[in-house]
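Student: So that you have it, the file is entry.cif, and it contains mmCIF, C-alpha atoms:
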data_coords
#
loop_
_atom_site.label_atom_id
_atom_site.label_comp_id
_atom_site.auth_asym_id
_atom_site.auth_seq_id
_atom_site.Cartn_x
_atom_site.Cartn_y
_atom_site.Cartn_z
CA MET F 1 -10.25 84.42 5.53
CA LEU F 2 -10.35 80.75 6.41
CA SER F 3 -10.27 78.18 3.64
CA ALA F 4 -12.57 75.18 3.60
CA GLN F 5 -9.71 72.92 4.70
CA GLU F 6 -8.84 75.28 7.56
CA ARG F 7 -12.45 75.31 8.74
CA ALA F 8 -12.47 71.52 8.70
CA GLN F 9 -9.24 71.38 10.74
CA ILE F 10 -10.65 73.83 13.27
CA THR F 11 -13.88 71.90 13.68
CA GLN F 12 -12.05 68.58 13.87
CA VAL F 13 -9.92 69.77 16.76
CA TRP F 14 -12.86 71.42 18.51
CA ASP F 15 -14.77 68.13 18.44
CA LEU F 16 -11.96 66.70 20.56
CA ILE F 17 -12.18 69.56 23.09
CA ALA F 18 -15.97 69.84 23.29
CA GLY F 19 -17.25 68.49 26.57
CA HIS F 20 -13.87 69.13 28.22
CA GLU F 21 -13.91 72.94 28.11
CA ALA F 22 -13.35 73.33 31.86
CA GLN F 23 -10.37 70.98 31.96
CA PHE F 24 -8.71 72.47 28.87
CA GLY F 25 -9.45 76.02 30.03
CA ALA F 26 -8.04 75.42 33.49
CA GLU F 27 -4.85 73.97 32.03
CA LEU F 28 -4.63 76.89 29.60
CA LEU F 29 -4.79 79.38 32.46
CA LEU F 30 -2.34 77.42 34.57
CA ARG F 31 0.18 77.39 31.72
CA LEU F 32 -0.38 81.09 31.07
CA PHE F 33 0.27 82.02 34.71
CA THR F 34 3.25 79.67 35.06
CA VAL F 35 5.01 80.54 31.80
CA TYR F 36 4.09 84.23 31.64
CA PRO F 37 3.68 85.44 35.24
CA SER F 38 2.99 89.04 34.15
CA THR F 39 -0.40 87.89 32.85
CA LYS F 40 -1.53 87.13 36.39
CA GLY F 41 -2.20 90.82 36.89
CA TYR F 42 -5.26 90.52 34.66
CA PHE F 43 -6.77 87.83 36.86
CA PRO F 44 -6.18 89.05 40.42
CA HIS F 45 -8.92 86.98 42.03
CA LEU F 46 -7.90 83.90 40.11
CA SER F 47 -4.14 83.94 40.17
CA ALA F 48 -3.67 84.74 43.84
CA CYS F 49 -4.82 81.40 45.18
CA GLN F 50 -5.09 79.42 41.93
CA ASP F 51 -7.98 77.52 43.42
CA ALA F 52 -8.71 74.53 41.20
CA ALA F 53 -12.45 75.14 41.20
CA GLN F 54 -12.04 78.78 40.15
CA LEU F 55 -9.57 77.86 37.39
CA LEU F 56 -12.02 75.26 36.08
CA SER F 57 -14.88 77.74 36.23
CA HIS F 58 -13.04 80.53 34.46
CA GLY F 59 -11.41 78.09 32.06
CA GLN F 60 -14.85 76.79 31.14
CA ARG F 61 -16.04 80.32 30.40
CA MET F 62 -13.06 81.12 28.19
CA LEU F 63 -13.24 77.88 26.22
CA ALA F 64 -17.01 78.24 25.83
CA ALA F 65 -16.29 81.56 24.12
CA VAL F 66 -13.78 79.80 21.86
CA GLY F 67 -16.48 77.25 21.09
CA ALA F 68 -18.86 80.06 20.15
CA ALA F 69 -16.16 81.45 17.87
CA VAL F 70 -15.83 78.01 16.22
CA GLN F 71 -19.60 77.94 15.60
CA HIS F 72 -19.44 81.38 14.00
CA MET F 73 -16.12 81.23 12.18
CA ASP F 74 -17.65 83.14 9.26
CA ASN F 75 -18.81 86.03 11.38
CA LEU F 76 -16.54 86.45 14.37
CA ARG F 77 -17.20 90.16 14.68
CA ALA F 78 -20.92 89.71 15.30
CA ALA F 79 -20.55 86.64 17.48
CA LEU F 80 -17.81 88.12 19.68
CA SER F 81 -19.12 91.71 19.81
CA PRO F 82 -20.13 91.61 23.49
CA LEU F 83 -16.75 90.13 24.40
CA ALA F 84 -15.01 92.75 22.28
CA ASP F 85 -16.88 95.44 24.23
CA LEU F 86 -15.87 93.81 27.50
CA HIS F 87 -12.21 93.71 26.55
CA ALA F 88 -12.22 97.31 25.24
CA LEU F 89 -14.13 98.94 28.07
CA VAL F 90 -13.53 96.81 31.15
CA LEU F 91 -10.70 94.31 30.84
CA ARG F 92 -8.34 96.31 28.60
CA VAL F 93 -5.87 93.46 28.25
CA ASP F 94 -2.85 94.77 26.38
CA PRO F 95 -2.95 93.24 22.89
CA ALA F 96 0.61 91.92 23.33
CA ASN F 97 -0.76 89.29 25.70
CA PHE F 98 -2.93 87.48 23.17
CA PRO F 99 0.02 85.79 21.40
CA LEU F 100 1.12 84.51 24.82
CA LEU F 101 -2.31 82.96 25.42
CA ILE F 102 -2.30 81.53 21.89
CA GLN F 103 1.09 79.91 22.45
CA CYS F 104 -0.22 78.27 25.63
CA PHE F 105 -3.34 77.16 23.74
CA GLN F 106 -1.14 75.49 21.10
CA VAL F 107 0.84 73.74 23.84
CA VAL F 108 -2.37 72.47 25.48
CA LEU F 109 -3.55 71.10 22.12
CA ALA F 110 -0.13 69.64 21.31
CA SER F 111 0.35 67.94 24.67
CA HIS F 112 -3.12 66.36 24.59
CA LEU F 113 -3.36 65.41 20.92
CA GLN F 114 0.36 64.61 20.50
CA ALA F 115 0.94 62.79 17.19
CA GLU F 116 -2.65 63.58 16.16
CA PHE F 117 -1.85 67.32 16.28
CA THR F 118 -0.93 67.66 12.64
CA VAL F 119 0.91 70.62 11.16
CA GLU F 120 -2.30 71.57 9.31
CA MET F 121 -4.22 71.68 12.60
CA GLN F 122 -1.54 73.81 14.22
CA ALA F 123 -1.56 76.24 11.28
CA ALA F 124 -5.36 76.50 11.16
CA TRP F 125 -5.69 77.04 14.91
CA ASP F 126 -2.95 79.66 15.01
CA LYS F 127 -4.66 81.56 12.21
CA PHE F 128 -8.11 81.16 13.82
CA LEU F 129 -7.06 82.20 17.33
CA THR F 130 -5.12 85.16 15.95
CA GLY F 131 -8.31 86.20 14.16
CA VAL F 132 -10.24 85.93 17.42
CA ALA F 133 -7.64 88.09 19.18
CA VAL F 134 -7.89 90.72 16.45
CA VAL F 135 -11.66 90.92 16.90
CA LEU F 136 -11.38 91.09 20.70
CA THR F 137 -8.99 94.05 20.53
CA GLU F 138 -10.54 95.83 17.54
CA LYS F 139 -12.65 98.27 19.57
CA TYR F 140 -9.78 99.37 21.82
CA ARG F 141 -9.48 102.71 19.99
CA MET L 1 19.29 88.32 30.81
CA SER L 2 17.83 84.87 31.54
CA ASN L 3 18.75 83.31 34.84
CA PHE L 4 18.24 79.59 34.73
CA THR L 5 17.47 78.01 38.08
CA ALA L 6 18.63 74.52 38.94
CA GLU L 7 15.08 73.33 38.20
CA ASP L 8 15.13 75.04 34.78
CA LYS L 9 18.44 73.39 33.89
CA ALA L 10 17.21 69.98 35.04
CA ALA L 11 13.99 70.29 33.04
CA ILE L 12 15.86 71.43 29.94
CA THR L 13 18.74 68.94 29.98
CA SER L 14 16.70 65.89 30.97
CA LEU L 15 14.13 66.46 28.23
CA TRP L 16 16.77 67.26 25.62
CA ALA L 17 18.59 64.00 26.37
CA LYS L 18 15.54 62.16 25.00
CA VAL L 19 15.04 64.26 21.86
CA ASN L 20 15.88 62.71 18.50
CA VAL L 21 17.36 65.72 16.73
CA GLU L 22 17.05 64.01 13.35
CA ASP L 23 13.26 63.84 13.69
CA ALA L 24 12.62 66.95 15.77
CA GLY L 25 14.75 69.20 13.54
CA GLY L 26 12.73 68.67 10.40
CA GLU L 27 9.47 68.75 12.33
CA THR L 28 10.33 72.08 13.99
CA LEU L 29 11.56 73.95 10.92
CA GLY L 30 8.80 72.41 8.79
CA ARG L 31 6.09 73.53 11.18
CA LEU L 32 7.58 77.05 11.28
CA LEU L 33 7.42 77.28 7.49
CA VAL L 34 3.83 75.98 7.37
CA VAL L 35 2.32 77.83 10.32
CA TYR L 36 4.11 81.12 9.55
CA PRO L 37 4.49 80.95 5.76
CA TRP L 38 6.23 84.32 5.50
CA THR L 39 9.27 82.67 7.09
CA GLN L 40 9.71 80.85 3.78
CA ARG L 41 11.29 84.07 2.48
CA PHE L 42 14.68 82.88 3.70
CA PHE L 43 14.57 79.54 1.95
CA ASP L 44 14.13 80.23 -1.78
CA SER L 45 16.92 77.80 -2.56
CA PHE L 46 15.23 74.90 -0.76
CA GLY L 47 13.06 73.76 -3.66
CA SER L 48 9.43 72.89 -3.24
CA LEU L 49 7.66 74.55 -0.31
CA SER L 50 4.31 74.56 -2.10
CA SER L 51 2.24 72.59 0.40
CA PRO L 52 2.45 71.35 3.99
CA SER L 53 3.39 67.86 2.81
CA ALA L 54 6.00 69.27 0.39
CA ILE L 55 7.52 71.26 3.23
CA MET L 56 7.45 68.49 5.82
CA GLY L 57 8.96 66.04 3.31
CA ASN L 58 11.58 68.42 1.91
CA PRO L 59 15.06 67.00 2.62
CA LYS L 60 16.68 70.44 2.72
CA VAL L 61 14.19 71.58 5.33
CA LYS L 62 14.96 68.52 7.41
CA ALA L 63 18.72 68.96 7.06
CA HIS L 64 18.57 72.60 8.03
CA GLY L 65 16.28 71.85 10.94
CA VAL L 66 18.79 69.32 12.22
CA LYS L 67 21.54 71.94 11.89
CA VAL L 68 19.53 74.44 13.92
CA LEU L 69 18.64 71.98 16.69
CA THR L 70 22.21 70.69 16.85
CA SER L 71 23.30 74.25 17.52
CA LEU L 72 20.62 74.52 20.18
CA GLY L 73 21.97 71.36 21.76
CA GLU L 74 25.34 73.02 22.12
CA ALA L 75 23.68 76.01 23.76
CA ILE L 76 22.02 73.72 26.30
CA LYS L 77 25.49 72.78 27.51
CA ASN L 78 26.21 76.49 28.07
CA LEU L 79 22.99 77.89 29.49
CA ASP L 80 24.85 80.42 31.61
CA ASP L 81 26.55 81.99 28.61
CA LEU L 82 24.11 81.97 25.71
CA LYS L 83 25.40 85.32 24.44
CA GLY L 84 28.93 83.96 24.24
CA THR L 85 27.79 80.73 22.61
CA PHE L 86 25.75 82.50 19.93
CA GLY L 87 27.96 85.57 19.35
CA GLN L 88 29.27 84.52 15.96
CA LEU L 89 25.94 83.10 14.82
CA SER L 90 24.35 86.40 15.80
CA GLU L 91 26.72 88.30 13.52
CA LEU L 92 26.07 85.81 10.72
CA HIS L 93 22.29 86.13 11.01
CA CYS L 94 22.56 89.93 10.98
CA ASP L 95 25.31 90.61 8.46
CA LYS L 96 24.92 87.76 5.97
CA LEU L 97 21.47 86.25 6.41
CA HIS L 98 19.50 89.42 7.32
CA VAL L 99 17.04 87.48 9.46
CA ASP L 100 14.56 89.52 11.48
CA PRO L 101 15.09 88.38 15.11
CA GLU L 102 11.33 87.95 15.43
CA ASN L 103 11.88 84.72 13.48
CA PHE L 104 13.99 83.34 16.33
CA ARG L 105 11.07 83.85 18.70
CA LEU L 106 8.68 82.15 16.29
CA LEU L 107 11.02 79.16 15.85
CA GLY L 108 11.45 78.86 19.60
CA ASN L 109 7.69 78.80 20.12
CA VAL L 110 7.28 76.15 17.44
CA LEU L 111 10.00 74.03 19.08
CA VAL L 112 8.06 74.23 22.36
CA THR L 113 4.93 72.92 20.63
CA VAL L 114 6.93 70.08 19.06
CA LEU L 115 8.25 69.11 22.51
CA ALA L 116 4.67 69.19 23.82
CA ILE L 117 3.67 66.80 21.01
CA LEU L 118 6.55 64.47 21.84
CA TYR L 119 6.21 64.44 25.60
CA GLY L 120 2.50 65.03 26.24
CA LYS L 121 1.59 65.18 29.92
CA GLU L 122 5.26 65.12 30.88
CA PHE L 123 5.49 68.58 29.32
CA THR L 124 3.97 70.21 32.40
CA PRO L 125 3.42 73.97 32.81
CA GLU L 126 6.66 74.12 34.81
CA VAL L 127 8.64 72.28 32.13
CA GLN L 128 7.09 74.51 29.47
CA ALA L 129 8.12 77.58 31.51
CA SER L 130 11.74 76.41 31.63
CA TRP L 131 11.76 75.76 27.90
CA GLN L 132 10.09 79.07 26.99
CA LYS L 133 12.80 80.74 29.08
CA MET L 134 15.40 78.71 27.18
CA VAL L 135 14.13 79.63 23.70
CA ALA L 136 13.68 83.27 24.73
CA GLY L 137 17.29 83.30 25.91
CA VAL L 138 18.49 81.80 22.63
CA ALA L 139 16.46 84.30 20.58
CA SER L 140 17.87 87.16 22.60
CA ALA L 141 21.44 85.86 22.27
CA LEU L 142 21.04 85.49 18.52
CA ALA L 143 19.83 89.09 18.31
CA SER L 144 22.49 90.45 20.65
CA ARG L 145 25.04 91.47 18.02
CA TYR L 146 22.61 93.00 15.57
CA HIS L 147 23.51 96.49 14.51
#
Starting from the file, give its structure as C-alpha cells.

Tutor:
Amino acid sequence: MLSAQERAQITQVWDLIAGHEAQFGAELLLRLFTVYPSTKGYFPHLSACQDAAQLLSHGQRMLAAVGAAVQHMDNLRAALSPLADLHALVLRVDPANFPLLIQCFQVVLASHLQAEFTVEMQAAWDKFLTGVAVVLTEKYR
Amino acid sequence: MSNFTAEDKAAITSLWAKVNVEDAGGETLGRLLVVYPWTQRFFDSFGSLSSPSAIMGNPKVKAHGVKVLTSLGEAIKNLDDLKGTFGQLSELHCDKLHVDPENFRLLGNVLVTVLAILYGKEFTPEVQASWQKMVAGVASALASRYH
C-alpha cells in the first residue's frame, strides 16, 4: 500500500523521466548488463551486440511499462496483467533478478537527479518498483 | 571470491579519494534506515528514528555511518584480502551483534546509490560494476566467519 506522500514522490520523479524513456531505459539496460552480466542471458538479441538503437528501443518499451505502472499505481495487477502473463509464460525471468534491475534503476535515478534524489524519493521508488516486480512474478506458479 | 582487476582498483580508489566520509557516512546509514525500515531493529538505542528527517538528522546515525565507512576505507587499502581485513568484525557481527548478513548487502547497495548521487555521470556503468563488486566482497567477508 502506497501512502499519499509516496504516490506524490513517485509521480514527481516520473515527471522528470517522462519524455526521456528511451534514454533512461537504455542506460538502465546497459548498467544491468555491465554490473550483472548473468542477466544478459535473458536478452540474447540485445546483449550480444549492444547496439545503441536496440538498447534505446527496448529501454523505451520497458520504461513505458513503468510509466503505465505509475499511471495505475492503485491497480497494478490489472494494469500489468498482460506483462505478468508474458513474464510467467514466455520470459520466465527468475525472480531473483528483479532486485538487480531495481538497484540499477535506483542508480540511474541517483546519477541523473543527484542532490534532488531525496531519501523519500529513493524509499518510495524502491517500494513501488518492488511492488511492480511482485505483480510481474505473481503468476509464475 | 572477488577478483579485483586493475581497472576495478583504479575506479574504487580514485573515487574513494574524493569521498567526504563525514557526509557520506550519515547519508548512507540514514538512507538504509529509511528505505529499508526493518534495519532499524539494530538501533533501538539511537533515539528518534520516527521520520526520514529524524533519521537523517540523528547524530548517532551519522556517527555510526562514519564508523562504518571508515572501516570500508581501510578495506579499500586491502582489496586483495577482504576476508582477512574483516575477520574480527565478522565474528563481532555474528556473535555479539547478531546481524543478518543480508543487511550488509543492503547497506552496500545504498552506498552505491549515494556514490551515484555524489558523482552523477562520472559514476558510469563500469565504475558502478567495480563498486558493486567491492560492496559484494565486503558483505561476503563480513559474513565469512558466521557460524

Student: Might you spell out which residues the PyMOL selection byres ((chain F and resi 80-93) around 12) would select in the displayed file, as number ranges by chain?

Tutor: F: 38-44, 61-62, 64-79, 94-101, 131-141

Student: Selection in question (the file shown): the PyMOL selection byres ((chain L) within 8 of (chain F)). Which residues does it include, as an MDAnalysis selection string?

Tutor: chainID L and resid 31 34:36 52 109 112:114 116:121 123 125:126 128:130 132

Student: Which neighbours of L:Gln88 fall inside 10 Å, counting all atoms listed in the file, when residues of the same chain fewer than 6 positions from it are skipped, and could you give them as JSON, numbers by chain?

Tutor: {"L": [94, 142, 145]}

Student: Let's have the selection written as a compact mmCIF listing (two decimals), in the coordinates of the input, with C-alpha atoms.

Tutor:
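Heads up, here's the output in again_1.txt:
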# COMPACT_ATOMS: atom_id res chain seq x y z
CA CYS L 94 22.56 89.93 10.98
CA LEU L 142 21.04 85.49 18.52
CA ARG L 145 25.04 91.47 18.02

Student: Any idea what the distance is between atom CA of L:Leu72 and atom CA of L:Leu89?

Tutor: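 A separation of 11.4 Å between them.
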
Student: Spell out the residues picked by the PyMOL selection byres ((chain L and resi 40) around 12) here, as number ranges by chain.

Tutor: L: 29-39, 41-52, 55, 61, 99, 103

Student: Do you have the atom CA of L:Val110-atom CA of L:Lys62 distance handy?

Tutor: 14.8 Å

Student: Can you work out the spacing between atom CA of L:Ser14 and atom CA of L:Gly26 in Å, to one decimal?

Tutor: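 Computed distance, atom CA of L:Ser14 to atom CA of L:Gly26, equals 21.1 Å.
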
Student: Atoms are missing here; could stretch 28-39 of chain F be completed with all heavy atoms and written as a short mmCIF file (atom, residue, chain, number, x, y, z; two decimals), in the frame of the given file?

Tutor:
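Now in result-v3.cif:
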data_model
loop_
_atom_site.label_atom_id
_atom_site.label_comp_id
_atom_site.auth_asym_id
_atom_site.auth_seq_id
_atom_site.Cartn_x
_atom_site.Cartn_y
_atom_site.Cartn_z
N LEU F 28 -5.08 75.72 30.37
CA LEU F 28 -4.63 76.89 29.60
C LEU F 28 -4.21 78.02 30.55
O LEU F 28 -3.14 78.61 30.40
CB LEU F 28 -5.75 77.36 28.67
CG LEU F 28 -5.53 78.66 27.92
CD1 LEU F 28 -4.37 78.54 26.94
CD2 LEU F 28 -6.81 79.06 27.17
N LEU F 29 -5.08 78.31 31.51
CA LEU F 29 -4.79 79.38 32.46
C LEU F 29 -3.58 79.07 33.33
O LEU F 29 -2.73 79.93 33.58
CB LEU F 29 -6.02 79.64 33.34
CG LEU F 29 -7.17 80.36 32.63
CD1 LEU F 29 -8.45 80.30 33.47
CD2 LEU F 29 -6.82 81.80 32.32
N LEU F 30 -3.48 77.82 33.75
CA LEU F 30 -2.34 77.42 34.57
C LEU F 30 -1.03 77.60 33.81
O LEU F 30 -0.04 78.11 34.35
CB LEU F 30 -2.53 75.97 34.99
CG LEU F 30 -1.66 75.47 36.15
CD1 LEU F 30 -1.86 76.34 37.38
CD2 LEU F 30 -2.02 74.02 36.47
N ARG F 31 -1.03 77.22 32.55
CA ARG F 31 0.18 77.39 31.72
C ARG F 31 0.47 78.87 31.54
O ARG F 31 1.62 79.30 31.64
CB ARG F 31 0.01 76.70 30.36
CG ARG F 31 0.10 75.19 30.45
CD ARG F 31 0.12 74.51 29.09
NE ARG F 31 0.13 73.05 29.23
CZ ARG F 31 1.24 72.31 29.39
NH1 ARG F 31 2.42 72.87 29.43
NH2 ARG F 31 1.13 70.99 29.52
N LEU F 32 -0.57 79.64 31.28
CA LEU F 32 -0.38 81.09 31.07
C LEU F 32 0.28 81.71 32.30
O LEU F 32 1.27 82.44 32.18
CB LEU F 32 -1.73 81.75 30.80
CG LEU F 32 -1.68 83.23 30.44
CD1 LEU F 32 -1.04 83.45 29.06
CD2 LEU F 32 -3.09 83.84 30.46
N PHE F 33 -0.25 81.41 33.48
CA PHE F 33 0.27 82.02 34.71
C PHE F 33 1.68 81.51 35.04
O PHE F 33 2.49 82.26 35.59
CB PHE F 33 -0.65 81.73 35.89
CG PHE F 33 -2.04 82.30 35.75
CD1 PHE F 33 -3.11 81.72 36.42
CD2 PHE F 33 -2.28 83.41 34.96
CE1 PHE F 33 -4.40 82.24 36.31
CE2 PHE F 33 -3.57 83.94 34.83
CZ PHE F 33 -4.62 83.34 35.50
N THR F 34 1.95 80.25 34.73
CA THR F 34 3.25 79.67 35.06
C THR F 34 4.34 80.17 34.10
O THR F 34 5.43 80.51 34.53
CB THR F 34 3.19 78.12 34.98
OG1 THR F 34 2.12 77.66 35.79
CG2 THR F 34 4.50 77.50 35.48
N VAL F 35 4.01 80.18 32.81
CA VAL F 35 5.01 80.54 31.80
C VAL F 35 5.18 82.06 31.69
O VAL F 35 6.29 82.54 31.47
CB VAL F 35 4.64 79.95 30.43
CG1 VAL F 35 5.67 80.32 29.37
CG2 VAL F 35 4.49 78.44 30.52
N TYR F 36 4.07 82.78 31.81
CA TYR F 36 4.09 84.23 31.64
C TYR F 36 3.48 84.90 32.88
O TYR F 36 2.33 85.36 32.83
CB TYR F 36 3.31 84.62 30.37
CG TYR F 36 3.79 83.91 29.12
CD1 TYR F 36 3.02 82.92 28.51
CD2 TYR F 36 5.01 84.23 28.54
CE1 TYR F 36 3.45 82.27 27.36
CE2 TYR F 36 5.45 83.58 27.38
CZ TYR F 36 4.67 82.60 26.80
OH TYR F 36 5.11 81.96 25.67
N PRO F 37 4.24 84.96 33.97
CA PRO F 37 3.68 85.44 35.24
C PRO F 37 3.08 86.85 35.17
O PRO F 37 2.17 87.16 35.95
CB PRO F 37 4.89 85.44 36.19
CG PRO F 37 5.89 84.53 35.57
CD PRO F 37 5.65 84.55 34.09
N SER F 38 3.54 87.68 34.24
CA SER F 38 2.99 89.04 34.15
C SER F 38 1.51 89.04 33.79
O SER F 38 0.81 90.01 34.06
CB SER F 38 3.77 89.86 33.13
OG SER F 38 3.70 89.26 31.85
N THR F 39 1.03 87.94 33.23
CA THR F 39 -0.40 87.89 32.85
C THR F 39 -1.30 87.74 34.07
O THR F 39 -2.50 87.99 33.99
CB THR F 39 -0.68 86.70 31.90
OG1 THR F 39 -0.31 85.48 32.56
CG2 THR F 39 0.08 86.84 30.60
#
